[in-house]
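For reference, the structure discussed in these notes is given below.
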Amino acid sequence: MHKSFDLFFVSSNNHKYQEAKIILDSLGINLGFFKSNLEEIQSNSLHNIAMAKARDAFSKFKKPIIIEDDGLFIDSIDGFPGPYSSYVFKTIGNKGILNLLKNNRKANFISIITYCDKTNLQSFEGKLNGKISKTLKGKGWGYDPIFIPNNSVKTFAEMNNKNELSHRFKALKKFSKWYLHK
Ligand code: ITT
């Protein structure tokens, strides 16, 4: 069954896979899914966390894989939650973030996609600038209801073209260029 897949996305998060699948389909890459909780090392570098996750994923599944590590970096609180985005979402959540912010609402979302196979370990970064909304807007997963990309008045949760401009799209686009010419 797995034969038709070019490579596998390893993550505990279905939403991330579903978006990555749509994006890579549009770029001509057929992405399978292994649902798994990967080792998440303590580090303030998304790149280091991503490399550890990718090594862990490849050692578990022994097939070409990609993993993703994301961070929402908010300027006025020194880049918090950054590498702790997953933990912060599960604890204080979007309402907790909104309660921390005043006037300066600038933020950026970063995605690191790391590819690993027997001979390669390669990372690709996508960064999207934007701001945090004043209230929750729209229905979406994770930080989608509070993140407004630059040049938009809508949050990710209210947009219908998130996958054409997101941090994830930018990282996967760079990855696809490399992967298809590898
Ligand atoms: P893995 O198993 O792949 O690690 P995860 O959900 O723990 O899944 P991350 O460590 O990359 O993933 O955590 C980043 C968090 O940031 C994630 O849990 C979401 O809450 C949030 N996030 C990442 N990308 C997002 C997006 O496109 N929209 C909304 N929230 C996002």
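Identifiers in this document derive from the order of the structure tokens: chains are assigned A, B, ..., residues are numbered from 1 separately in each chain, and ligands are numbered from 1 in order of occurrence.
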Item to check | Those in chain A with helix (DSSP H, G or I) from DSSP, as a PyMOL selection string | outcome: chain A and resi 2-4+14-26+46-61+75-77+85-91+93-100+156-158+162-164+167-181
Item to check | Surrounding residues as an MDAnalysis selection string, ligand 1, max 9 Å, only C-alpha atoms and all ligand atoms | outcome: chainID A and resid 9:17 19 35:40 46 49:50 53 67:72 82:90 93 109:112 140:147 156:157 162:163 166:168
Filtering to C-alpha atoms, could you give me those residues as a short mmCIF file (atom, residue, chain, number, x, y, z; two decimals), in the first residue's frame?
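Contents of out_10.cif, freshly written:
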data_model
loop_
_atom_site.label_atom_id
_atom_site.label_comp_id
_atom_site.auth_asym_id
_atom_site.auth_seq_id
_atom_site.Cartn_x
_atom_site.Cartn_y
_atom_site.Cartn_z
CA PHE A 9 5.28 13.14 6.82
CA VAL A 10 5.86 12.10 10.43
CA SER A 11 3.93 14.02 13.06
CA SER A 12 1.43 13.71 15.88
CA ASN A 13 -0.59 16.53 14.30
CA ASN A 14 -3.15 15.61 11.58
CA HIS A 15 -3.75 19.26 10.67
CA LYS A 16 -0.11 19.76 9.74
CA TYR A 17 -0.14 16.64 7.57
CA GLU A 19 -2.01 20.99 4.84
CA LYS A 35 1.32 9.40 12.88
CA SER A 36 3.87 9.42 15.67
CA ASN A 37 5.02 11.43 18.69
CA LEU A 38 8.62 12.33 17.98
CA GLU A 39 11.41 13.19 20.35
CA GLU A 40 11.22 16.94 21.01
CA LEU A 46 13.77 25.37 15.81
CA ILE A 49 14.64 20.60 17.35
CA ALA A 50 13.74 19.78 13.73
CA LYS A 53 12.87 15.03 15.22
CA ILE A 67 9.07 16.37 9.68
CA GLU A 68 8.07 19.92 10.52
CA ASP A 69 8.79 22.12 13.50
CA ASP A 70 6.90 25.42 13.79
CA GLY A 71 7.08 28.45 15.98
CA LEU A 72 4.96 31.56 16.43
CA GLY A 82 8.72 30.46 19.58
CA PRO A 83 10.07 26.91 20.09
CA TYR A 84 7.53 26.40 22.90
CA SER A 85 4.52 27.02 20.64
CA SER A 86 3.09 23.54 20.99
CA TYR A 87 3.31 23.57 24.81
CA VAL A 88 1.97 27.12 25.10
CA PHE A 89 -0.99 26.32 22.86
CA LYS A 90 -1.87 23.34 25.05
CA GLY A 93 -3.94 28.75 24.50
CA PHE A 109 5.30 32.26 11.96
CA ILE A 110 8.25 30.02 11.08
CA SER A 111 8.16 26.50 9.66
CA ILE A 112 11.21 24.28 9.43
CA GLY A 140 -9.35 26.96 12.68
CA TRP A 141 -6.76 24.85 14.45
CA GLY A 142 -3.85 26.02 16.61
CA TYR A 143 -3.03 29.70 16.30
CA ASP A 144 -5.06 30.14 13.08
CA PRO A 145 -7.81 32.24 14.79
CA ILE A 146 -5.28 34.84 16.05
CA PHE A 147 -2.63 35.10 13.29
CA PHE A 156 -5.51 32.30 8.87
CA ALA A 157 -8.75 30.79 10.20
CA LYS A 162 -3.87 29.85 3.65
CA ASN A 163 -2.09 26.99 1.88
CA SER A 166 1.60 30.11 4.76
CA HIS A 167 4.94 29.56 6.52
CA ARG A 168 4.39 25.85 5.72
#
Checklist entry - Using only C-alpha atoms, which of A:Lys177, A:Gly126, A:Thr91, A:Phe34 sits nearest Phe61 in chain A? => result A:Phe34
Checklist entry - Separation of CA of Gly130 in chain A and CA of Asp25 in chain A, in Å? => result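 Atom-to-atom, CA of Gly130 in chain A to CA of Asp25 in chain A, that is 26.2 Å.
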Checklist entry - What are the DSSP strand (DSSP E or B) residues of range 64-176 of chain A, as number ranges by chain? => result A: 65-74, 81-82, 106-116, 121-132, 147-149
Put those residues in a file: N, CA, C and O atoms, as a short mmCIF file (atom, residue, chain, number, x, y, z; two decimals), in the first residue's frame.
data_model
loop_
_atom_site.label_atom_id
_atom_site.label_comp_id
_atom_site.auth_asym_id
_atom_site.auth_seq_id
_atom_site.Cartn_x
_atom_site.Cartn_y
_atom_site.Cartn_z
N ILE A 65 11.66 10.52 4.92
CA ILE A 65 10.61 11.22 5.67
C ILE A 65 10.86 12.73 5.66
O ILE A 65 11.99 13.19 5.44
N ILE A 66 9.79 13.48 5.92
CA ILE A 66 9.96 14.87 6.34
C ILE A 66 9.22 15.05 7.66
O ILE A 66 8.22 14.38 7.94
N ILE A 67 9.77 15.95 8.47
CA ILE A 67 9.07 16.37 9.68
C ILE A 67 9.00 17.89 9.61
O ILE A 67 9.67 18.53 8.80
N GLU A 68 8.17 18.46 10.49
CA GLU A 68 8.07 19.92 10.52
C GLU A 68 8.12 20.40 11.96
O GLU A 68 7.48 19.81 12.83
N ASP A 69 8.86 21.46 12.20
CA ASP A 69 8.79 22.12 13.50
C ASP A 69 8.43 23.58 13.27
O ASP A 69 9.04 24.25 12.44
N ASP A 70 7.40 24.05 13.99
CA ASP A 70 6.90 25.42 13.79
C ASP A 70 7.05 26.24 15.04
O ASP A 70 7.02 25.71 16.15
N GLY A 71 7.11 27.54 14.84
CA GLY A 71 7.08 28.45 15.98
C GLY A 71 6.38 29.74 15.62
O GLY A 71 6.54 30.26 14.51
N LEU A 72 5.58 30.23 16.57
CA LEU A 72 4.96 31.56 16.43
C LEU A 72 5.79 32.50 17.31
O LEU A 72 5.89 32.29 18.53
N PHE A 73 6.41 33.50 16.70
CA PHE A 73 7.32 34.41 17.41
C PHE A 73 6.65 35.79 17.50
O PHE A 73 6.42 36.43 16.48
N ILE A 74 6.37 36.23 18.74
CA ILE A 74 5.67 37.51 18.94
C ILE A 74 6.67 38.55 19.43
O ILE A 74 7.31 38.38 20.48
N PRO A 81 5.81 32.58 21.87
CA PRO A 81 6.25 31.30 22.42
C PRO A 81 7.32 30.59 21.59
O PRO A 81 7.92 29.64 22.09
N GLY A 82 7.60 31.02 20.36
CA GLY A 82 8.72 30.46 19.58
C GLY A 82 8.78 28.93 19.63
O GLY A 82 7.81 28.26 19.27
N LYS A 106 2.99 42.79 16.44
CA LYS A 106 3.76 42.15 15.36
C LYS A 106 4.21 40.74 15.74
O LYS A 106 4.63 40.51 16.88
N ALA A 107 4.17 39.85 14.75
CA ALA A 107 4.56 38.46 15.01
C ALA A 107 5.00 37.82 13.70
O ALA A 107 4.75 38.37 12.61
N ASN A 108 5.68 36.70 13.80
CA ASN A 108 5.92 35.92 12.58
C ASN A 108 5.81 34.44 12.89
O ASN A 108 6.03 34.01 14.02
N PHE A 109 5.45 33.70 11.84
CA PHE A 109 5.30 32.26 11.96
C PHE A 109 6.45 31.63 11.18
O PHE A 109 6.70 32.01 10.03
N ILE A 110 7.15 30.68 11.78
CA ILE A 110 8.25 30.02 11.08
C ILE A 110 7.99 28.52 11.01
O ILE A 110 7.54 27.91 12.00
N SER A 111 8.24 27.96 9.84
CA SER A 111 8.16 26.50 9.66
C SER A 111 9.53 26.01 9.22
O SER A 111 10.13 26.56 8.30
N ILE A 112 10.01 24.98 9.90
CA ILE A 112 11.21 24.28 9.43
C ILE A 112 10.77 22.89 8.97
O ILE A 112 10.18 22.14 9.75
N ILE A 113 11.04 22.61 7.71
CA ILE A 113 10.79 21.27 7.18
C ILE A 113 12.15 20.59 7.09
O ILE A 113 13.08 21.13 6.48
N THR A 114 12.28 19.43 7.69
CA THR A 114 13.55 18.68 7.60
C THR A 114 13.30 17.33 6.93
O THR A 114 12.39 16.60 7.33
N TYR A 115 14.12 17.09 5.91
CA TYR A 115 14.06 15.83 5.16
C TYR A 115 15.18 14.91 5.66
O TYR A 115 16.30 15.36 5.91
N CYS A 116 14.88 13.62 5.80
CA CYS A 116 15.94 12.67 6.19
C CYS A 116 15.75 11.36 5.44
O CYS A 116 14.64 10.82 5.35
N LEU A 121 20.33 14.83 5.31
CA LEU A 121 19.58 15.46 6.40
C LEU A 121 19.58 16.94 6.04
O LEU A 121 20.61 17.60 6.11
N GLN A 122 18.43 17.44 5.59
CA GLN A 122 18.43 18.76 4.97
C GLN A 122 17.20 19.55 5.45
O GLN A 122 16.10 19.01 5.45
N SER A 123 17.42 20.82 5.86
CA SER A 123 16.30 21.62 6.38
C SER A 123 15.98 22.81 5.48
O SER A 123 16.87 23.37 4.82
N PHE A 124 14.73 23.23 5.52
CA PHE A 124 14.22 24.32 4.69
C PHE A 124 13.33 25.18 5.57
O PHE A 124 12.47 24.66 6.29
N GLU A 125 13.53 26.52 5.49
CA GLU A 125 12.79 27.41 6.39
C GLU A 125 11.80 28.27 5.62
O GLU A 125 12.13 28.82 4.57
N GLY A 126 10.60 28.40 6.16
CA GLY A 126 9.61 29.34 5.61
C GLY A 126 9.18 30.29 6.72
O GLY A 126 8.88 29.86 7.83
N LYS A 127 9.22 31.60 6.40
CA LYS A 127 8.85 32.59 7.43
C LYS A 127 7.78 33.52 6.89
O LYS A 127 7.88 33.98 5.75
N LEU A 128 6.77 33.77 7.68
CA LEU A 128 5.68 34.65 7.26
C LEU A 128 5.45 35.72 8.34
O LEU A 128 5.19 35.39 9.49
N ASN A 129 5.58 36.99 7.94
CA ASN A 129 5.35 38.08 8.88
C ASN A 129 3.88 38.40 8.99
O ASN A 129 3.12 38.23 8.02
N GLY A 130 3.50 38.90 10.15
CA GLY A 130 2.10 39.26 10.34
C GLY A 130 1.88 39.89 11.69
O GLY A 130 2.80 40.49 12.25
N LYS A 131 0.66 39.75 12.21
CA LYS A 131 0.36 40.28 13.55
C LYS A 131 -0.67 39.42 14.24
O LYS A 131 -1.30 38.56 13.60
N ILE A 132 -0.83 39.68 15.53
CA ILE A 132 -1.81 38.93 16.33
C ILE A 132 -3.09 39.77 16.41
O ILE A 132 -3.04 40.97 16.72
N PHE A 147 -3.75 34.63 14.12
CA PHE A 147 -2.63 35.10 13.29
C PHE A 147 -3.14 35.72 11.99
O PHE A 147 -3.83 35.08 11.20
N ILE A 148 -2.77 37.00 11.79
CA ILE A 148 -3.15 37.73 10.56
C ILE A 148 -1.88 37.99 9.75
O ILE A 148 -1.01 38.75 10.17
N PRO A 149 -1.75 37.34 8.58
CA PRO A 149 -0.54 37.59 7.77
C PRO A 149 -0.51 39.03 7.25
O PRO A 149 -1.58 39.63 7.07
#
Next on the checklist: Between A:Leu27, A:Asn44, A:Phe5, A:Ala20, which residue has the minimum interatomic distance to Ser176 in chain A, considering only C-alpha atoms?
Outcome noted: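 Smallest distance to Ser176 in chain A is found for A:Leu27.
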Checklist entry - CA of Met159 in chain A and CA of Lys102 in chain A, how far apart in Å? => result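 The value is 24.4 Å.
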Next on the checklist: If we count only C-alpha atoms and set the cut-off at 10 Å, which residues sit around Gly28 in chain A, ignoring sequence neighbours fewer than 4 positions away in its own chain? Please answer as a list of chain:residue names.
Outcome noted: A:Ile23, A:Leu24, A:Ser176, A:Leu180
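Reported to one decimal place, the separation of CA of Phe8 in chain A from CA of Phe58 in chain A is 9.9 Å.
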